[in-house]
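Asks: To be precise about what I am sending: the file is called structure12.txt and holds compact mmCIF, C-alpha atoms and all ligand atoms.
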# COMPACT_ATOMS: atom_id res chain seq x y z
CA MET V 1 -4.24 -13.35 -14.74
CA ARG V 2 -3.25 -9.68 -14.53
CA VAL V 3 -2.92 -7.30 -11.61
CA LEU V 4 -4.47 -3.84 -11.69
CA CYS V 5 -3.39 -1.50 -8.92
CA PHE V 6 -5.85 1.41 -8.93
CA GLY V 7 -4.50 3.98 -6.50
CA SER V 8 -2.67 7.13 -5.54
CA LEU V 9 0.41 8.70 -7.05
CA ASN V 10 2.04 11.27 -4.76
CA ILE V 11 5.03 13.54 -4.64
CA ASP V 12 6.50 12.90 -1.19
CA TYR V 13 8.17 15.83 0.58
CA VAL V 14 10.20 14.29 3.37
CA TYR V 15 11.28 16.61 6.19
CA GLN V 16 13.99 15.34 8.52
CA VAL V 17 12.96 16.37 12.06
CA PRO V 18 14.41 15.64 15.51
CA CYS V 19 10.93 14.50 16.66
CA PHE V 20 7.36 14.84 15.40
CA VAL V 21 5.97 18.37 15.67
CA ARG V 22 3.48 18.81 18.50
CA LYS V 23 0.31 20.87 18.78
CA GLY V 24 1.17 24.58 18.91
CA GLU V 25 4.90 23.95 18.35
CA THR V 26 7.12 25.44 15.64
CA LEU V 27 9.89 23.04 14.70
CA ALA V 28 12.76 23.46 12.23
CA ALA V 29 13.41 20.61 9.80
CA THR V 30 17.08 19.89 9.15
CA GLU V 31 16.66 18.55 5.61
CA LEU V 32 14.07 18.31 2.83
CA GLN V 33 14.05 15.59 0.20
CA SER V 34 11.47 14.77 -2.45
CA PHE V 35 10.60 11.26 -3.70
CA SER V 36 7.97 9.50 -5.78
CA GLY V 37 5.35 7.91 -3.58
CA GLY V 38 1.69 7.31 -2.91
CA LYS V 39 0.48 3.99 -1.55
CA GLY V 40 -0.87 3.03 -4.97
CA LEU V 41 2.33 3.85 -6.84
CA ASN V 42 4.49 2.19 -4.17
CA GLN V 43 2.43 -1.01 -4.28
CA SER V 44 2.57 -1.11 -8.09
CA VAL V 45 6.35 -0.70 -7.99
CA ALA V 46 6.62 -3.44 -5.36
CA LEU V 47 4.46 -5.84 -7.38
CA ALA V 48 6.44 -5.16 -10.55
CA ARG V 49 9.84 -5.43 -8.84
CA ALA V 50 8.60 -8.71 -7.33
CA GLY V 51 8.06 -9.98 -10.87
CA ILE V 52 4.31 -9.47 -11.42
CA LYS V 53 2.93 -7.95 -14.63
CA THR V 54 1.21 -4.89 -13.17
CA PHE V 55 -1.08 -2.20 -14.57
CA HIS V 56 -1.46 1.04 -12.64
CA ALA V 57 -4.56 3.26 -12.81
CA GLY V 58 -4.95 6.64 -11.16
CA ALA V 59 -4.58 10.35 -11.84
CA ILE V 60 -1.82 12.95 -11.80
CA GLY V 61 -1.56 16.63 -12.73
CA GLU V 62 0.91 17.98 -15.25
CA ASP V 63 3.47 18.38 -12.45
CA GLY V 64 3.44 14.62 -11.84
CA ALA V 65 4.59 13.25 -15.18
CA PHE V 66 7.79 11.94 -13.54
CA LEU V 67 5.67 9.65 -11.34
CA ALA V 68 4.29 7.83 -14.37
CA GLU V 69 7.86 7.69 -15.66
CA GLU V 70 9.00 6.07 -12.41
CA LEU V 71 6.26 3.45 -12.76
CA ARG V 72 7.28 2.68 -16.34
CA ALA V 73 10.92 2.42 -15.28
CA ALA V 74 9.85 -0.25 -12.80
CA GLY V 75 8.06 -2.13 -15.57
CA VAL V 76 4.50 -1.04 -14.72
CA ASP V 77 2.00 -0.40 -17.54
CA THR V 78 0.67 3.17 -17.13
CA SER V 79 -1.95 3.16 -19.93
CA PHE V 80 -4.65 3.80 -17.31
CA VAL V 81 -2.97 6.75 -15.55
CA ALA V 82 -4.87 9.94 -16.46
CA CYS V 83 -2.98 13.24 -16.69
CA LEU V 84 -5.36 16.06 -15.73
CA HIS V 85 -4.76 19.66 -16.75
CA ASP V 86 -6.56 21.64 -14.08
CA VAL V 87 -5.44 19.97 -10.87
CA ARG V 88 -2.18 19.42 -9.00
CA THR V 89 -0.68 16.01 -8.43
CA GLY V 90 -1.33 14.65 -4.94
CA HIS V 91 1.41 15.10 -2.39
CA ALA V 92 2.43 13.97 1.05
CA VAL V 93 4.20 15.97 3.74
CA ILE V 94 6.23 13.42 5.68
CA GLN V 95 8.06 14.05 8.94
CA LYS V 96 10.92 11.59 9.42
CA THR V 97 12.77 11.16 12.71
CA PRO V 98 16.36 9.95 13.29
CA GLU V 99 14.90 6.54 14.22
CA GLY V 100 13.38 6.30 10.72
CA ASP V 101 9.80 6.69 11.97
CA ASN V 102 7.39 8.81 9.99
CA CYS V 103 4.03 10.50 10.10
CA ILE V 104 2.26 11.56 6.93
CA LEU V 105 -0.07 14.40 5.96
CA LEU V 106 -1.81 13.88 2.61
CA TYR V 107 -3.06 16.34 0.04
CA GLY V 108 -5.19 14.31 -2.39
CA GLY V 109 -5.02 16.58 -5.46
CA ALA V 110 -5.53 14.59 -8.68
CA ASN V 111 -5.98 11.39 -6.67
CA ARG V 112 -9.34 12.80 -5.55
CA ALA V 113 -10.41 13.50 -9.14
CA VAL V 114 -10.84 9.82 -10.09
CA THR V 115 -14.36 9.46 -11.52
CA HIS V 116 -16.86 6.66 -12.14
CA GLU V 117 -16.16 7.16 -15.82
CA GLN V 118 -12.41 6.53 -15.38
CA ILE V 119 -13.13 3.49 -13.23
CA ASP V 120 -15.58 2.02 -15.78
CA ARG V 121 -13.23 2.74 -18.67
CA THR V 122 -10.35 1.01 -16.88
CA LEU V 123 -12.22 -1.97 -15.49
CA ALA V 124 -13.63 -2.74 -18.95
CA HIS V 125 -10.16 -4.21 -19.64
CA PHE V 126 -10.15 -6.55 -16.62
CA SER V 127 -12.24 -9.47 -15.39
CA ALA V 128 -11.88 -12.82 -13.55
CA PRO V 129 -9.30 -14.05 -12.62
CA ASP V 130 -7.55 -10.65 -12.64
CA VAL V 131 -6.71 -9.04 -9.30
CA LEU V 132 -7.50 -5.51 -8.13
CA VAL V 133 -5.15 -3.98 -5.56
CA ALA V 134 -6.67 -0.91 -3.87
CA GLN V 135 -6.01 1.50 -1.00
CA ASN V 136 -8.00 4.48 0.28
CA GLU V 137 -6.18 7.49 -1.18
CA ILE V 138 -8.32 8.05 -4.31
CA SER V 139 -11.89 9.21 -4.76
CA GLU V 140 -14.69 6.66 -5.29
CA PRO V 141 -13.10 3.60 -3.62
CA GLY V 142 -16.55 2.11 -2.99
CA TYR V 143 -17.55 2.30 -6.63
CA LEU V 144 -14.18 0.85 -7.64
CA LEU V 145 -14.45 -2.16 -5.35
CA GLU V 146 -18.10 -2.88 -6.17
CA ARG V 147 -17.56 -2.69 -9.93
CA ALA V 148 -14.40 -4.83 -9.73
CA LYS V 149 -16.25 -7.46 -7.69
CA ALA V 150 -19.12 -7.44 -10.18
CA ARG V 151 -16.57 -8.22 -12.91
CA GLY V 152 -15.33 -11.23 -10.96
CA MET V 153 -11.98 -9.71 -10.01
CA ARG V 154 -10.26 -10.80 -6.84
CA ILE V 155 -9.65 -7.89 -4.48
CA ALA V 156 -6.69 -7.11 -2.25
CA LEU V 157 -7.50 -4.09 -0.09
CA ASN V 158 -5.10 -2.03 1.99
CA PRO V 159 -7.60 0.11 3.99
CA SER V 160 -5.21 3.00 4.41
CA PRO V 161 -5.97 5.60 5.52
CA MET V 162 -8.82 3.88 7.35
CA ASP V 163 -12.17 5.66 7.53
CA GLU V 164 -15.76 4.66 8.13
CA THR V 165 -16.71 4.72 4.43
CA LEU V 166 -14.56 1.61 3.97
CA ARG V 167 -16.27 -0.51 6.60
CA PRO V 168 -19.15 -1.84 4.41
CA LEU V 169 -16.64 -2.58 1.63
CA LEU V 170 -14.36 -4.83 3.65
CA PRO V 171 -16.30 -8.07 2.97
CA LEU V 172 -15.66 -7.54 -0.75
CA SER V 173 -11.95 -8.13 -0.19
CA ASP V 174 -10.26 -11.50 -0.64
CA PHE V 175 -7.15 -10.14 1.10
CA LEU V 176 -7.17 -7.35 3.68
CA LEU V 177 -3.66 -6.04 4.40
CA LEU V 178 -3.43 -3.50 7.21
CA ASN V 179 -1.26 -2.31 10.08
CA GLU V 180 -2.09 -2.30 13.77
CA ILE V 181 -3.29 1.32 13.74
CA GLU V 182 -5.77 0.59 10.95
CA ALA V 183 -6.82 -2.64 12.67
CA SER V 184 -7.47 -0.81 15.94
CA GLN V 185 -9.50 1.87 14.12
CA LEU V 186 -11.54 -0.86 12.50
CA LEU V 187 -12.10 -2.79 15.71
CA GLY V 188 -12.57 0.27 17.94
CA CYS V 189 -9.80 -0.87 20.29
CA ASP V 190 -6.48 0.49 21.51
CA ALA V 191 -3.60 0.38 18.98
CA HIS V 192 -1.56 -1.38 21.69
CA ALA V 193 -4.09 -4.21 22.02
CA ASP V 194 -2.71 -7.71 21.56
CA PRO V 195 -2.10 -8.11 17.80
CA GLY V 196 -3.05 -11.79 17.87
CA ASP V 197 -6.41 -10.87 19.39
CA MET V 198 -6.90 -8.15 16.75
CA ALA V 199 -6.14 -10.61 13.95
CA GLU V 200 -8.53 -13.14 15.45
CA GLU V 201 -11.31 -10.53 15.78
CA LEU V 202 -10.83 -9.48 12.16
CA ARG V 203 -10.85 -13.09 11.00
CA LYS V 204 -14.13 -13.71 12.85
CA SER V 205 -15.80 -10.59 11.45
CA LEU V 206 -14.59 -11.23 7.87
CA PRO V 207 -14.74 -15.00 7.47
CA ALA V 208 -14.25 -15.00 3.67
CA THR V 209 -11.21 -12.71 3.80
CA ALA V 210 -7.56 -13.52 4.47
CA ILE V 211 -6.22 -10.97 6.95
CA VAL V 212 -2.59 -9.83 6.89
CA LEU V 213 -1.71 -7.66 9.87
CA THR V 214 1.68 -5.93 9.66
CA LEU V 215 3.36 -4.94 12.90
CA GLY V 216 6.54 -3.16 11.81
CA GLU V 217 9.56 -4.41 13.77
CA ASN V 218 7.28 -6.93 15.49
CA GLY V 219 6.61 -8.86 12.30
CA SER V 220 3.29 -9.81 10.77
CA ILE V 221 0.31 -12.08 11.32
CA TYR V 222 -1.77 -13.93 8.74
CA ALA V 223 -5.24 -15.02 9.84
CA ALA V 224 -7.69 -16.84 7.59
CA ARG V 225 -9.92 -19.91 7.44
CA ASP V 226 -6.82 -22.10 7.06
CA GLY V 227 -5.26 -20.87 10.30
CA MET V 228 -3.08 -18.22 11.85
CA ILE V 229 0.62 -17.73 11.07
CA ARG V 230 3.14 -15.37 12.65
CA CYS V 231 6.25 -14.18 10.86
CA PRO V 232 9.02 -12.27 12.68
CA ALA V 233 10.57 -9.15 11.16
CA GLU V 234 14.27 -9.12 10.36
CA ARG V 235 16.41 -7.00 12.67
CA VAL V 236 17.77 -4.10 10.64
CA THR V 237 18.78 -0.51 11.31
CA ALA V 238 15.95 1.52 9.79
CA VAL V 239 16.70 4.84 8.15
CA ASP V 240 13.22 5.43 6.68
CA THR V 241 10.14 3.27 7.21
CA THR V 242 8.06 5.07 4.53
CA ALA V 243 6.56 2.50 2.13
CA ALA V 244 7.61 -0.49 4.25
CA GLY V 245 3.96 -1.56 4.42
CA ASP V 246 3.50 -0.98 0.69
CA THR V 247 6.58 -3.08 -0.03
CA TYR V 248 5.23 -5.85 2.19
CA THR V 249 1.83 -5.67 0.46
CA GLY V 250 3.30 -5.90 -3.05
CA PHE V 251 5.69 -8.74 -2.25
CA PHE V 252 3.15 -10.71 -0.20
CA LEU V 253 0.61 -10.59 -3.03
CA ALA V 254 3.30 -11.40 -5.59
CA GLY V 255 4.26 -14.45 -3.53
CA ILE V 256 0.65 -15.65 -3.31
CA LEU V 257 0.08 -15.07 -7.05
CA ASN V 258 3.24 -17.09 -7.74
CA GLY V 259 1.78 -20.00 -5.79
CA PHE V 260 3.65 -19.54 -2.50
CA ASP V 261 1.78 -20.64 0.61
CA ALA V 262 1.01 -17.86 3.11
CA ALA V 263 4.04 -18.56 5.35
CA ARG V 264 6.45 -18.39 2.42
CA ALA V 265 4.79 -15.26 1.03
CA MET V 266 5.19 -13.64 4.47
CA ARG V 267 8.93 -14.45 4.59
CA PHE V 268 9.33 -13.04 1.07
CA ALA V 269 7.42 -9.87 2.00
CA SER V 270 9.22 -9.41 5.33
CA ALA V 271 12.61 -9.63 3.67
CA ALA V 272 11.56 -7.07 1.05
CA ALA V 273 10.26 -4.66 3.70
CA ALA V 274 13.45 -5.14 5.76
CA ILE V 275 15.52 -4.00 2.78
CA ALA V 276 13.17 -1.07 2.05
CA VAL V 277 13.54 0.45 5.53
CA THR V 278 17.33 0.58 5.19
CA ARG V 279 16.97 2.97 2.22
CA PRO V 280 15.58 6.51 2.01
CA GLY V 281 12.33 7.40 0.28
CA ALA V 282 9.18 5.55 -0.71
CA ALA V 283 9.23 3.99 -4.21
CA PRO V 284 13.02 4.32 -4.61
CA SER V 285 13.54 2.19 -1.49
CA ILE V 286 11.68 -0.86 -2.84
CA PRO V 287 14.01 -3.76 -3.74
CA THR V 288 13.85 -6.14 -6.69
CA ARG V 289 12.89 -9.81 -6.49
CA ASP V 290 16.54 -10.81 -7.01
CA GLU V 291 17.71 -8.61 -4.14
CA VAL V 292 15.11 -10.21 -1.87
CA LEU V 293 15.88 -13.77 -2.96
CA ALA V 294 19.59 -13.15 -2.34
CA ARG V 295 18.70 -12.42 1.27
CA VAL V 296 16.06 -14.94 2.15
CA ASP V 297 15.32 -18.52 1.19
CA ALA V 298 11.66 -17.74 0.43
O1 LIG V 301 2.70 4.37 2.51
C1 LIG V 301 3.58 5.42 2.26
C2 LIG V 301 2.95 6.44 1.35
O2 LIG V 301 1.84 7.01 2.01
C3 LIG V 301 3.83 7.60 0.97
O3 LIG V 301 4.59 7.37 -0.18
C4 LIG V 301 2.85 8.77 0.88
O4 LIG V 301 2.76 9.31 -0.41
C5 LIG V 301 1.51 8.22 1.36
O5 LIG V 301 0.67 7.90 0.31
Could you rewrite the structure in this file as structure tokens?

Replies:
Amino acid sequence: MRVLCFGSLNIDYVYQVPCFVRKGETLAATELQSFSGGKGLNQSVALARAGIKTFHAGAIGEDGAFLAEELRAAGVDTSFVACLHDVRTGHAVIQKTPEGDNCILLYGGANRAVTHEQIDRTLAHFSAPDVLVAQNEISEPGYLLERAKARGMRIALNPSPMDETLRPLLPLSDFLLLNEIEASQLLGCDAHADPGDMAEELRKSLPATAIVLTLGENGSIYAARDGMIRCPAERVTAVDTTAAGDTYTGFFLAGILNGFDAARAMRFASAAAAIAVTRPGAAPSIPTRDEVLARVDA
């Protein structure tokens, strides 16, 4: 069994701001830092640091070679990362507040130049019981999921950012990992709706899919045919929540693929995410399996 994460690679530009900029406002940032990121890259790094043999597929421009290097340094196989000559690497403009909260503006760049041909060429190397991990920051996510399913791969989908094109694809997923904003977009309800009710609604509408709803400092909920489980988040002082969800996704899936039951995989993932938010940046903030196991009896 191998894991293929087919997803975005971004250069993250993180602007420290006193609060998020509002409509019509001009706001001065107090600091600018740059990190490797992208939900796809972050999830590959998390899977690899959690001990899973991981292959990453996606696309960068010539300015993004260091992102593939970061993946390799984490132990990820980058044979399926295309370097394109006529397009910039994707990037994210991230506002970060003193509380560690963030909001993210994406420029897709090379991530939006993924083609059917690249997908076919990559998937030719994978089949059952391999696992596809996917998000919604590259072009052609529908084709990717349908072709992977046709090859018998299991699918873990993080529908982020959520949009209507994903809706018909959701039943293809064996695992759907999302936060409360994405869940509320999917269900057409308020983001402050009761998370247990949201998880239950998702479970009912996707009976063959295990739902993992992450709630930041309020923990996470697993809802599937075998029941519903809640896991609290550890209390930590967050400096940067970027990639906390990606860390959770990678470590949760790694736990499941290592034979953990859902409750144990949630504790493992929560501990990993709790460490990640105490560190700056996206991929650089993701801990190793040993760091997580030293903290939690998962
Ligand atoms: O989930 C965090 C990630 O979202 C960032 O690294 C940014 O690149 C965006 O893809």

Asks: Go through the chains and note each residue within 8 Å of ligand LIG 301 (chain V), using all atoms listed in the file, then give the set as a list of chain:residue names.

Replies: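 Counting only what the definition allows, namely all atoms listed in the file, the set is V:Ser8, V:Leu9, V:Asn10, V:Ile11, V:Asp12, V:Phe35, V:Ser36, V:Gly37, V:Gly38, V:Lys39, V:Gly40, V:Leu41, V:Asn42, V:His91, V:Ala92, V:Val93, V:Ile94, V:Ile104, V:Leu105, V:Leu106, V:Glu137, V:Thr242, V:Ala243, V:Ala244, V:Gly245, V:Asp246, V:Gly281, V:Ala282, V:Ala283.
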
Asks: For a quick check of understanding, using all atoms listed in the file, which of V:Gly196, V:Gly90, V:Pro129, V:Pro207 has the smallest distance to V:Arg151?

Replies: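 The answer is V:Pro129, which sits nearest to V:Arg151.
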
Asks: Return the single residue from V:Val45, V:Leu253, V:Ala110, V:Ile211 that is closest to V:Ile60, with distances computed using all atoms listed in the file.

Replies: V:Ala110

Asks: Mind pulling up the distance from atom CA of V:Ala238 to atom CA of V:Ala276?

Replies: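 About the pair atom CA of V:Ala276 and atom CA of V:Ala238: they are 8.6 Å apart.
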
Asks: In Å to one decimal, how far is atom CA of V:Asp77 from atom CA of V:Thr209?

Replies: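 Between atom CA of V:Thr209 and atom CA of V:Asp77 the gap is 28.0 Å.
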
Asks: Kindly give the distance, in Å, that separates atom CA of V:Tyr13 and atom CA of V:Val277, rounded to a single decimal.

Replies: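 Distance reported for this atom pair: 17.0 Å.
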